[in-house]
$ cat structure25.txt   # compact mmCIF, C-alpha atoms
# COMPACT_ATOMS: atom_id res chain seq x y z
CA MET A 20 -10.34 -27.83 -34.25
CA SER A 21 -13.21 -30.31 -34.33
CA ASN A 22 -11.09 -33.20 -33.00
CA GLU A 23 -10.64 -31.23 -29.80
CA LYS A 24 -12.54 -32.75 -26.85
CA ASP A 25 -15.47 -30.56 -25.78
CA TRP A 26 -16.05 -29.63 -22.14
CA PRO A 27 -19.10 -31.51 -20.81
CA LEU A 28 -22.52 -29.85 -20.62
CA TRP A 29 -24.02 -28.95 -17.23
CA GLU A 30 -27.63 -28.05 -16.57
CA ILE A 31 -27.94 -25.07 -14.26
CA PHE A 32 -30.53 -24.45 -11.54
CA ILE A 33 -30.71 -21.17 -9.66
CA GLN A 34 -32.40 -20.20 -6.44
CA SER A 35 -33.19 -16.51 -6.71
CA LYS A 36 -33.97 -15.95 -3.02
CA ARG A 37 -33.60 -17.94 0.17
CA GLY A 38 -36.71 -20.03 0.73
CA LEU A 39 -37.59 -20.42 -2.96
CA ASP A 40 -37.11 -23.45 -5.23
CA HIS A 41 -34.10 -23.84 -7.48
CA LYS A 42 -35.28 -23.27 -11.03
CA HIS A 43 -33.75 -24.49 -14.29
CA VAL A 44 -32.28 -21.58 -16.26
CA GLY A 45 -30.17 -23.18 -19.01
CA SER A 46 -26.81 -24.84 -19.42
CA VAL A 47 -23.09 -24.12 -19.56
CA HIS A 48 -20.03 -26.03 -20.66
CA ALA A 49 -17.28 -26.53 -18.08
CA ALA A 50 -14.40 -28.87 -17.36
CA ASP A 51 -15.59 -29.61 -13.81
CA ALA A 52 -18.35 -28.82 -11.33
CA GLN A 53 -16.61 -25.86 -9.75
CA MET A 54 -16.05 -24.24 -13.13
CA ALA A 55 -19.65 -24.97 -14.08
CA ILE A 56 -20.85 -23.11 -11.00
CA GLU A 57 -18.52 -20.18 -11.64
CA ASN A 58 -19.48 -19.99 -15.32
CA ALA A 59 -23.15 -20.17 -14.36
CA ARG A 60 -22.61 -17.26 -11.98
CA ASP A 61 -21.12 -15.19 -14.81
CA VAL A 62 -23.71 -16.20 -17.38
CA TYR A 63 -26.94 -16.36 -15.37
CA THR A 64 -26.56 -14.03 -12.37
CA ARG A 65 -25.05 -10.78 -13.66
CA ARG A 66 -27.86 -8.82 -12.02
CA ASN A 67 -28.18 -10.47 -8.62
CA GLU A 68 -30.61 -13.09 -9.91
CA GLY A 69 -29.02 -15.76 -7.77
CA ASN A 70 -28.52 -16.76 -4.19
CA SER A 71 -27.53 -20.36 -4.82
CA ILE A 72 -26.54 -22.40 -7.89
CA TRP A 73 -26.85 -26.11 -8.63
CA ALA A 74 -24.94 -27.65 -11.54
CA VAL A 75 -25.86 -31.14 -12.75
CA LEU A 76 -24.02 -33.00 -15.51
CA ALA A 77 -26.55 -33.03 -18.36
CA GLU A 78 -25.98 -36.76 -18.93
CA ASN A 79 -27.09 -37.44 -15.35
CA LEU A 80 -30.43 -35.74 -15.77
CA HIS A 81 -33.34 -38.04 -16.60
CA ALA A 82 -36.71 -36.89 -17.91
CA SER A 83 -40.17 -38.35 -18.45
CA LYS A 84 -41.11 -39.03 -22.05
CA PRO A 85 -43.45 -36.51 -23.68
CA GLU A 86 -44.94 -39.16 -25.99
CA ASP A 87 -46.17 -41.12 -22.92
CA GLN A 88 -47.46 -37.97 -21.29
CA GLY A 89 -51.14 -38.90 -21.48
CA ALA A 90 -50.87 -42.38 -19.97
CA PHE A 91 -48.11 -41.40 -17.58
CA PHE A 92 -50.07 -38.65 -15.85
CA ASP A 93 -53.41 -40.41 -16.23
CA PRO A 94 -53.64 -41.73 -12.63
CA ALA A 95 -54.01 -38.16 -11.36
CA ASP A 96 -56.63 -37.25 -13.94
CA ASP A 97 -59.85 -38.64 -12.45
CA LYS A 98 -59.27 -38.00 -8.76
CA VAL A 99 -61.10 -34.77 -8.13
CA TYR A 100 -61.54 -35.79 -4.49
CA ARG A 101 -57.88 -34.86 -4.00
CA HIS A 102 -58.89 -31.22 -4.27
CA PRO A 103 -60.55 -29.31 -1.42
CA THR A 104 -63.29 -27.94 -3.68
CA PHE A 105 -64.69 -31.49 -4.05
CA TYR A 106 -66.23 -31.36 -0.55
CA VAL A 107 -69.56 -29.75 0.29
CA MET A 108 -69.33 -27.40 3.26
CA PRO A 109 -72.27 -25.90 5.15
CA LYS A 110 -72.42 -22.16 4.48
CA GLU A 111 -72.54 -21.28 8.18
CA ALA A 112 -69.17 -22.87 8.97
CA LYS A 113 -66.32 -20.37 9.05
CA TYR A 114 -62.56 -20.71 8.52
CA ILE A 115 -62.80 -24.08 6.78
CA MET B 17 -47.76 -43.03 -35.07
CA MET B 18 -47.85 -41.94 -38.71
CA GLU B 19 -45.57 -39.06 -39.63
CA SER B 20 -48.42 -36.98 -41.07
CA ASN B 21 -50.50 -37.54 -37.97
CA GLN B 22 -47.60 -36.39 -35.79
CA GLU B 23 -47.28 -33.31 -37.93
CA THR B 24 -50.99 -32.48 -37.54
CA LEU B 25 -50.75 -32.85 -33.77
CA PHE B 26 -47.66 -30.69 -33.75
CA GLN B 27 -49.37 -27.93 -35.73
CA GLN B 28 -52.42 -28.11 -33.45
CA LYS B 29 -50.18 -27.61 -30.44
CA VAL B 30 -48.52 -24.62 -32.11
CA ASP B 31 -51.88 -23.14 -33.12
CA ALA B 32 -53.12 -23.51 -29.55
CA GLU B 33 -50.10 -21.46 -28.40
CA GLN B 34 -48.60 -24.40 -26.55
CA LYS B 35 -44.82 -24.22 -26.46
CA ILE B 36 -42.80 -26.97 -28.08
CA GLU B 37 -40.24 -28.45 -25.70
CA PRO B 38 -36.94 -30.21 -26.52
CA LYS B 39 -38.14 -33.82 -26.20
CA ASP B 40 -41.40 -33.26 -28.09
CA TRP B 41 -41.83 -34.63 -31.60
CA MET B 42 -41.20 -31.91 -34.19
CA PRO B 43 -40.89 -31.84 -37.99
CA ALA B 44 -37.28 -32.25 -39.13
CA GLU B 45 -37.53 -28.93 -40.98
CA TYR B 46 -38.74 -27.12 -37.85
CA ARG B 47 -35.72 -28.43 -35.97
CA LYS B 48 -33.36 -27.50 -38.81
CA ASN B 49 -34.83 -24.04 -39.17
CA LEU B 50 -34.57 -23.38 -35.45
CA ILE B 51 -30.98 -24.57 -35.22
CA ARG B 52 -30.11 -22.25 -38.09
CA GLN B 53 -31.96 -19.27 -36.65
CA ILE B 54 -30.93 -19.68 -33.00
CA SER B 55 -27.30 -20.34 -33.84
CA GLN B 56 -27.14 -17.35 -36.19
CA HIS B 57 -28.66 -15.29 -33.44
CA GLY B 58 -26.07 -16.60 -30.95
CA HIS B 59 -23.21 -16.00 -33.37
CA SER B 60 -24.45 -12.42 -33.85
CA GLU B 61 -24.19 -11.80 -30.11
CA ILE B 62 -20.66 -13.21 -30.04
CA VAL B 63 -19.40 -11.37 -33.13
CA GLY B 64 -21.32 -8.31 -31.91
CA MET B 65 -18.82 -8.00 -29.07
CA LEU B 66 -16.09 -7.05 -31.53
CA PRO B 67 -17.20 -3.64 -32.86
CA GLU B 68 -17.85 -2.42 -29.30
CA GLY B 69 -14.87 -4.14 -27.73
CA ASN B 70 -12.94 -1.91 -30.12
CA TRP B 71 -13.82 1.11 -27.94
CA ILE B 72 -13.45 -0.22 -24.39
CA THR B 73 -9.89 1.02 -23.98
CA ARG B 74 -10.73 4.37 -25.54
CA ALA B 75 -14.03 5.22 -23.86
CA PRO B 76 -14.03 8.93 -22.94
CA SER B 77 -14.67 8.47 -19.21
CA LEU B 78 -14.53 5.79 -16.54
CA ARG B 79 -18.34 5.77 -16.41
CA ARG B 80 -18.61 5.11 -20.15
CA LYS B 81 -15.91 2.48 -19.95
CA THR B 82 -17.61 0.59 -17.11
CA VAL B 83 -20.91 0.69 -18.97
CA LEU B 84 -19.41 -0.48 -22.25
CA LEU B 85 -17.61 -3.32 -20.52
CA ALA B 86 -20.85 -4.43 -18.87
CA LYS B 87 -22.65 -4.24 -22.19
CA VAL B 88 -20.08 -6.35 -23.99
CA GLN B 89 -20.21 -8.90 -21.14
CA ASP B 90 -23.98 -9.01 -21.59
CA GLU B 91 -23.53 -9.79 -25.29
CA ALA B 92 -21.31 -12.73 -24.36
CA GLY B 93 -23.98 -13.90 -21.92
CA HIS B 94 -26.67 -13.56 -24.58
CA GLY B 95 -24.61 -15.61 -27.00
CA LEU B 96 -24.36 -18.33 -24.37
CA TYR B 97 -28.11 -18.33 -23.58
CA LEU B 98 -28.72 -18.84 -27.28
CA TYR B 99 -26.10 -21.57 -27.74
CA SER B 100 -27.65 -23.30 -24.74
CA ALA B 101 -31.09 -23.11 -26.40
CA ALA B 102 -29.69 -24.39 -29.72
CA GLU B 103 -28.05 -27.32 -27.95
CA THR B 104 -31.42 -28.54 -26.68
CA LEU B 105 -32.18 -29.34 -30.35
CA GLY B 106 -29.36 -31.88 -30.50
CA ILE B 107 -26.46 -29.92 -31.94
CA GLY B 108 -23.19 -29.72 -29.96
CA ARG B 109 -21.39 -26.57 -28.95
CA ASP B 110 -18.26 -27.64 -30.84
CA GLU B 111 -20.28 -27.99 -34.02
CA LEU B 112 -21.91 -24.59 -33.54
CA VAL B 113 -18.54 -22.93 -33.05
CA ASP B 114 -17.06 -24.77 -36.04
CA GLN B 115 -19.89 -23.53 -38.23
CA LEU B 116 -19.17 -19.94 -37.24
CA LEU B 117 -15.41 -20.19 -37.61
CA SER B 118 -15.55 -21.96 -40.97
CA GLY B 119 -17.92 -19.32 -42.33
CA LYS B 120 -20.67 -21.90 -42.88
CA ALA B 121 -23.02 -20.19 -40.42
CA LYS B 122 -24.01 -16.57 -40.82
CA TYR B 123 -24.30 -13.83 -38.25
CA SER B 124 -26.02 -10.47 -38.45
CA SER B 125 -24.46 -8.42 -41.26
CA ILE B 126 -24.62 -5.27 -39.19
CA PHE B 127 -21.45 -6.32 -37.37
CA ASN B 128 -19.52 -6.22 -40.61
CA TYR B 129 -19.57 -2.43 -40.48
CA PRO B 130 -16.71 -0.61 -38.71
CA THR B 131 -17.04 1.52 -35.55
CA ILE B 132 -14.76 4.41 -36.42
CA THR B 133 -15.75 7.13 -33.92
CA TRP B 134 -16.98 7.23 -30.32
CA ALA B 135 -20.38 8.35 -31.61
CA ASP B 136 -20.67 4.93 -33.23
CA MET B 137 -21.00 3.48 -29.71
CA GLY B 138 -24.03 5.72 -29.33
CA ALA B 139 -25.52 4.86 -32.70
CA VAL B 140 -24.94 1.12 -32.24
CA GLY B 141 -26.67 1.10 -28.84
CA TRP B 142 -29.53 3.30 -29.98
CA LEU B 143 -30.17 1.89 -33.47
CA VAL B 144 -28.59 -1.56 -33.69
CA ASP B 145 -29.70 -2.68 -30.24
CA GLY B 146 -32.98 -0.87 -30.80
CA ALA B 147 -33.64 -2.86 -33.97
CA ALA B 148 -32.51 -6.08 -32.30
CA ILE B 149 -34.92 -5.47 -29.43
CA MET B 150 -37.88 -5.19 -31.81
CA ASN B 151 -37.05 -8.60 -33.15
CA GLN B 152 -36.30 -10.08 -29.74
CA VAL B 153 -39.48 -8.83 -28.11
CA MET B 154 -41.39 -10.68 -30.84
CA LEU B 155 -39.29 -13.80 -30.23
CA CYS B 156 -40.28 -13.89 -26.55
CA ARG B 157 -43.49 -15.43 -27.95
CA THR B 158 -41.81 -17.86 -30.34
CA SER B 159 -43.16 -21.41 -30.31
CA TYR B 160 -39.99 -23.18 -29.15
CA GLY B 161 -39.85 -23.05 -25.33
CA PRO B 162 -36.09 -22.80 -24.72
CA TYR B 163 -35.71 -20.09 -27.39
CA ALA B 164 -38.61 -18.09 -25.94
CA ARG B 165 -37.19 -18.34 -22.43
CA ALA B 166 -33.73 -17.23 -23.59
CA MET B 167 -35.37 -14.25 -25.29
CA VAL B 168 -37.25 -13.19 -22.17
CA ARG B 169 -33.96 -13.16 -20.30
CA ILE B 170 -32.25 -11.22 -23.09
CA CYS B 171 -35.00 -8.62 -23.43
CA LYS B 172 -34.85 -7.86 -19.72
CA GLU B 173 -31.17 -7.04 -20.07
CA GLU B 174 -31.20 -5.40 -23.46
CA SER B 175 -33.07 -2.21 -22.71
CA PHE B 176 -30.11 -0.76 -20.82
CA HIS B 177 -28.08 -1.29 -24.00
CA GLN B 178 -30.34 0.91 -26.05
CA ARG B 179 -30.63 3.56 -23.37
CA GLN B 180 -26.88 3.88 -22.83
CA GLY B 181 -26.48 4.35 -26.59
CA TYR B 182 -29.17 6.99 -26.75
CA GLU B 183 -27.58 8.75 -23.79
CA ILE B 184 -24.26 8.94 -25.66
CA MET B 185 -26.07 10.38 -28.71
CA ASN B 186 -27.93 12.86 -26.52
CA VAL B 187 -24.77 14.16 -24.88
CA LEU B 188 -22.92 14.47 -28.19
CA SER B 189 -25.78 16.07 -30.10
CA HIS B 190 -26.14 18.72 -27.40
CA GLY B 191 -22.40 19.27 -27.10
CA SER B 192 -19.96 21.24 -29.25
CA PRO B 193 -20.60 21.63 -33.01
CA GLU B 194 -17.89 19.04 -33.63
CA GLN B 195 -19.57 16.58 -31.26
CA LYS B 196 -22.93 17.14 -32.88
CA ALA B 197 -21.41 16.60 -36.31
CA MET B 198 -19.88 13.37 -35.05
CA ALA B 199 -23.28 12.18 -33.83
CA GLN B 200 -24.91 13.11 -37.16
CA ASP B 201 -22.20 11.29 -39.07
CA ALA B 202 -22.77 8.14 -36.99
CA LEU B 203 -26.52 8.32 -37.63
CA ASP B 204 -25.86 8.79 -41.35
CA ARG B 205 -23.74 5.66 -41.50
CA TRP B 206 -25.82 3.40 -39.23
CA TRP B 207 -29.36 4.28 -40.29
CA TRP B 208 -29.65 2.18 -43.42
CA PRO B 209 -27.68 -0.85 -42.17
CA SER B 210 -29.96 -0.82 -39.09
CA LEU B 211 -33.04 -0.99 -41.30
CA MET B 212 -31.45 -3.90 -43.16
CA MET B 213 -31.23 -5.82 -39.88
CA PHE B 214 -34.92 -6.73 -40.22
CA GLY B 215 -34.03 -8.84 -43.23
CA PRO B 216 -35.27 -8.85 -46.82
CA SER B 217 -38.63 -7.39 -47.72
CA ASP B 218 -41.52 -9.83 -47.10
CA LYS B 219 -41.98 -10.47 -50.80
CA ASP B 220 -38.35 -11.66 -51.04
CA SER B 221 -38.28 -13.66 -47.82
CA PRO B 222 -39.15 -17.25 -48.74
CA HIS B 223 -38.56 -18.74 -45.25
CA SER B 224 -40.95 -16.29 -43.65
CA VAL B 225 -44.25 -17.95 -44.55
CA GLN B 226 -43.32 -21.30 -43.01
CA SER B 227 -41.73 -19.60 -39.99
CA MET B 228 -44.94 -17.68 -39.34
CA LYS B 229 -47.03 -20.84 -39.69
CA TRP B 230 -44.84 -22.56 -37.12
CA LYS B 231 -44.96 -19.39 -35.01
CA ILE B 232 -41.17 -19.23 -34.88
CA LYS B 233 -41.67 -15.69 -36.18
CA ARG B 234 -44.76 -13.76 -35.10
CA GLN B 235 -44.42 -10.57 -37.16
CA SER B 236 -43.06 -10.03 -40.65
CA ASN B 237 -39.79 -8.27 -41.49
CA ASP B 238 -41.55 -5.30 -43.07
CA GLU B 239 -43.97 -4.93 -40.17
CA LEU B 240 -41.18 -4.78 -37.58
CA ARG B 241 -39.11 -2.43 -39.75
CA GLN B 242 -42.03 0.00 -39.99
CA ILE B 243 -42.61 0.02 -36.23
CA PHE B 244 -38.91 0.68 -35.71
CA ILE B 245 -38.94 3.63 -38.10
CA ASP B 246 -42.10 5.08 -36.59
CA ARG B 247 -40.56 5.01 -33.12
CA THR B 248 -37.07 6.14 -34.03
CA VAL B 249 -37.94 9.27 -36.03
CA GLN B 250 -39.27 11.01 -32.93
CA GLN B 251 -36.17 10.02 -30.96
CA ALA B 252 -33.96 11.57 -33.66
CA GLU B 253 -35.99 14.79 -33.45
CA VAL B 254 -35.31 15.01 -29.71
CA LEU B 255 -31.61 14.74 -30.49
CA GLY B 256 -31.93 17.43 -33.18
CA LEU B 257 -30.40 15.04 -35.72
CA LYS B 258 -31.55 14.42 -39.26
CA ILE B 259 -32.36 10.94 -40.51
CA PRO B 260 -30.56 10.46 -43.84
CA ASP B 261 -33.63 9.71 -45.93
CA PRO B 262 -35.02 12.54 -48.11
CA LYS B 263 -38.21 10.55 -48.71
CA LEU B 264 -39.02 10.19 -45.01
CA LYS B 265 -42.44 11.77 -44.43
CA TRP B 266 -45.37 11.28 -42.04
CA ASN B 267 -48.39 9.82 -43.79
CA GLU B 268 -51.69 10.91 -42.20
CA GLY B 269 -53.60 8.27 -44.13
CA THR B 270 -51.60 5.24 -42.97
CA GLN B 271 -50.51 6.79 -39.65
CA HIS B 272 -47.00 5.63 -40.46
CA TYR B 273 -43.90 7.20 -41.94
CA ASP B 274 -43.29 6.76 -45.66
CA TRP B 275 -39.64 6.24 -46.35
CA GLY B 276 -37.11 5.63 -49.13
CA GLU B 277 -35.64 2.48 -50.60
CA ILE B 278 -33.08 0.17 -48.98
CA ASP B 279 -30.03 -0.56 -51.11
CA TRP B 280 -30.64 -4.31 -51.34
CA ALA B 281 -27.59 -4.80 -53.53
CA GLU B 282 -25.46 -3.65 -50.59
CA PHE B 283 -27.41 -5.90 -48.22
CA PHE B 284 -26.81 -9.05 -50.25
CA ASP B 285 -23.22 -8.08 -50.95
CA VAL B 286 -22.40 -7.82 -47.22
CA ILE B 287 -24.15 -11.16 -46.57
CA LYS B 288 -22.01 -12.70 -49.28
CA GLY B 289 -18.93 -11.65 -47.34
CA ASN B 290 -17.98 -8.41 -49.07
CA GLY B 291 -18.78 -5.98 -46.26
CA PRO B 292 -16.10 -3.68 -44.89
CA CYS B 293 -15.22 -5.94 -41.93
CA ASN B 294 -16.36 -9.51 -42.75
CA LYS B 295 -12.82 -10.80 -42.96
CA GLU B 296 -11.60 -8.94 -39.91
CA ARG B 297 -14.47 -10.22 -37.73
CA LEU B 298 -14.04 -13.84 -38.70
CA THR B 299 -10.27 -13.68 -38.34
CA ALA B 300 -10.66 -12.20 -34.85
CA ARG B 301 -12.99 -15.05 -33.79
CA GLN B 302 -10.72 -17.71 -35.31
CA LYS B 303 -7.71 -16.26 -33.53
CA ALA B 304 -9.53 -16.04 -30.18
CA HIS B 305 -10.61 -19.67 -30.51
CA ALA B 306 -7.14 -20.88 -31.50
CA ASP B 307 -5.44 -18.84 -28.77
CA GLY B 308 -7.79 -20.34 -26.18
CA ALA B 309 -7.19 -23.96 -27.22
CA TRP B 310 -4.46 -24.60 -24.65
CA VAL B 311 -6.64 -23.21 -21.86
CA ARG B 312 -9.52 -25.52 -22.74
CA GLU B 313 -7.16 -28.46 -22.95
CA ALA B 314 -5.42 -27.66 -19.66
CA ALA B 315 -8.69 -27.20 -17.79
CA LEU B 316 -9.93 -30.57 -18.98
CA ALA B 317 -6.63 -32.28 -18.09
CA TYR B 318 -6.77 -30.73 -14.62
CA ALA B 319 -10.38 -31.84 -14.12
CA GLU B 320 -9.52 -35.40 -15.16
CA LYS B 321 -6.51 -35.50 -12.85
CA LYS B 322 -8.60 -34.24 -9.93
CA ALA B 323 -11.34 -36.80 -10.65
CA LYS B 324 -8.77 -39.62 -10.67
CA LYS B 325 -7.29 -38.45 -7.37
CA LYS B 326 -10.72 -38.38 -5.81
CA ALA B 327 -11.52 -41.89 -7.04
CA ALA B 328 -8.23 -43.29 -5.72
$ encode --input "structure25.txt" --output "structure tokens"
Amino acid sequence: MSNEKDWPLWEIFIQSKRGLDHKHVGSVHAADAQMAIENARDVYTRRNEGNSIWAVLAENLHASKPEDQGAFFDPADDKVYRHPTFYVMPKEAKYI
Amino acid sequence: MMESNQETLFQQKVDAEQKIEPKDWMPAEYRKNLIRQISQHGHSEIVGMLPEGNWITRAPSLRRKTVLLAKVQDEAGHGLYLYSAAETLGIGRDELVDQLLSGKAKYSSIFNYPTITWADMGAVGWLVDGAAIMNQVMLCRTSYGPYARAMVRICKEESFHQRQGYEIMNVLSHGSPEQKAMAQDALDRWWWPSLMMFGPSDKDSPHSVQSMKWKIKRQSNDELRQIFIDRTVQQAEVLGLKIPDPKLKWNEGTQHYDWGEIDWAEFFDVIKGNGPCNKERLTARQKAHADGAWVREAALAYAEKKAKKKAA
């Protein structure tokens, strides 16, 4: 049985409601994209959790490396002026 | 980076309640332990479909049949969430399935007991799912991210399983004398095996210490077992059924129930493969897998043909 070829792995993303982001929920095995989407419906949306499903071949998904995490995200680390709380507002000014 | 340094950083992350994610560095033993535990858990969900599937065609009403069907479908889904989590650790689905079918991987021993009456559907939902939930609620806080997320999903779905079981028990135990006797008989047979589901006593559970340190487990076997007993006794009283343990007694001092002794010889015997249904369960899974081989092959051939056509 182990010389049998396995169906490829698909990563599944589900949008729970119109207007929201698609969120990663897990993976399924399927022979093709259509089957991946149908399997994902059966596995991940048995209680109306889904409004839309994306299936991506796992081998086509690329990720940042956790070991480089520090250096990789460093450029955003020391730029507090990108946040609105960095700026001093006069107390009297409203709606700003 | 030095191995020992990596390990220190890893432990610090775990201690700080940061989840470990698939691409993070982790000790080889942590990975191995998780693959073993998650796959066993997944196999339990898959094999767990068999004792209940046994009653789908014979459920006493359409309502019960619909519910049981939905429950068994959930178990399949739970098995797949868990396989998906295990696969993030670098093991393939084919390998996981092979380990189950060859008998190399274990699954929960509880599913090696037969479901001989309809009341067993009640007792399994109430007690077996009830015990599983205790364990799974704890695992929602396990240190490995994908496992924890799968558990959150499972716990959300699992509480209907326990409630439908308790409902069956409630109807039977308030029905005719024969129905009540059937419910009592199911409780008598499932009580002790359910307590065994929490695993060996802490003093005989060598993996536990390391698992707690890595926060794979968050509560000990004995702790969870005691909470389960404390909660379930009251539920049995509501049913008017008697828990088959003459030593069961409320202890004012500890604020817990004292209870008798698990037959550990039986526990280890069933794990070794000598339970009433070990052979039957494994044979059923092997047959299902073999019978489905042509479908898997055909689907793949069709997908390849379609892809070629599209490319041309």
$ interface_residues --input "structure25.txt" --of "chain A" --to "chain B" --cutoff "8 Å" --atoms "all atoms listed in the file" --output "PyMOL selection string"
chain A and resi 20-21+24-26+45-47+50-51+61-63+84-86
$ atom_distance --input "structure25.txt" --atom1 "CA of Leu143 (chain B)" --atom2 "CA of Tyr182 (chain B)"
8.5 Å
$ atom_distance --input "structure25.txt" --atom1 "CA of Leu39 (chain A)" --atom2 "CA of Asn70 (chain A)"
9.9 Å
$ residues_around --input "structure25.txt" --residues "Val286 (chain B)" --least-positions-apart "2" --cutoff "12 Å" --atoms "all atoms listed in the file" --output "PyMOL selection string"
chain B and resi 122-129+209+212-213+279-284+288-295
$ residues_around --input "structure25.txt" --residues "Ile33 (chain A)" --least-positions-apart "6" --cutoff "12 Å" --atoms "only C-alpha atoms" --output "number ranges by chain"
A: 39-46, 56, 59-60, 62-64, 67-75
$ write_last_selection --input "structure25.txt" --atoms "C-alpha atoms" --output "mmCIF file, in the frame of the given file"
data_model
loop_
_atom_site.group_PDB
_atom_site.id
_atom_site.type_symbol
_atom_site.label_atom_id
_atom_site.label_comp_id
_atom_site.auth_asym_id
_atom_site.auth_seq_id
_atom_site.Cartn_x
_atom_site.Cartn_y
_atom_site.Cartn_z
ATOM 1 C CA LEU A 39 -37.590 -20.420 -2.960
ATOM 2 C CA ASP A 40 -37.110 -23.450 -5.230
ATOM 3 C CA HIS A 41 -34.100 -23.840 -7.480
ATOM 4 C CA LYS A 42 -35.280 -23.270 -11.030
ATOM 5 C CA HIS A 43 -33.750 -24.490 -14.290
ATOM 6 C CA VAL A 44 -32.280 -21.580 -16.260
ATOM 7 C CA GLY A 45 -30.170 -23.180 -19.010
ATOM 8 C CA SER A 46 -26.810 -24.840 -19.420
ATOM 9 C CA ILE A 56 -20.850 -23.110 -11.000
ATOM 10 C CA ALA A 59 -23.150 -20.170 -14.360
ATOM 11 C CA ARG A 60 -22.610 -17.260 -11.980
ATOM 12 C CA VAL A 62 -23.710 -16.200 -17.380
ATOM 13 C CA TYR A 63 -26.940 -16.360 -15.370
ATOM 14 C CA THR A 64 -26.560 -14.030 -12.370
ATOM 15 C CA ASN A 67 -28.180 -10.470 -8.620
ATOM 16 C CA GLU A 68 -30.610 -13.090 -9.910
ATOM 17 C CA GLY A 69 -29.020 -15.760 -7.770
ATOM 18 C CA ASN A 70 -28.520 -16.760 -4.190
ATOM 19 C CA SER A 71 -27.530 -20.360 -4.820
ATOM 20 C CA ILE A 72 -26.540 -22.400 -7.890
ATOM 21 C CA TRP A 73 -26.850 -26.110 -8.630
ATOM 22 C CA ALA A 74 -24.940 -27.650 -11.540
ATOM 23 C CA VAL A 75 -25.860 -31.140 -12.750
#
$ atom_distance --input "structure25.txt" --atom1 "CA of Glu268 (chain B)" --atom2 "CA of Leu240 (chain B)"
19.4 Å
$ closest_residue --input "structure25.txt" --among "B:Ile62, B:Leu257, B:Val88, B:Ala327" --to "Leu112 (chain B)" --atoms "only C-alpha atoms"
B:Ile62
$ residues_around --input "structure25.txt" --residues "Ser236 (chain B)" --least-positions-apart "3" --cutoff "9 Å" --atoms "only C-alpha atoms" --output "ChimeraX atom specification"
/B:214,217-218,224-225,228,233,239-241
$ residues_around --input "structure25.txt" --residues "Met42 (chain B)" --least-positions-apart "3" --cutoff "9 Å" --atoms "only C-alpha atoms" --output "number ranges by chain"
B: 22-23, 26, 36, 38-39, 45-47
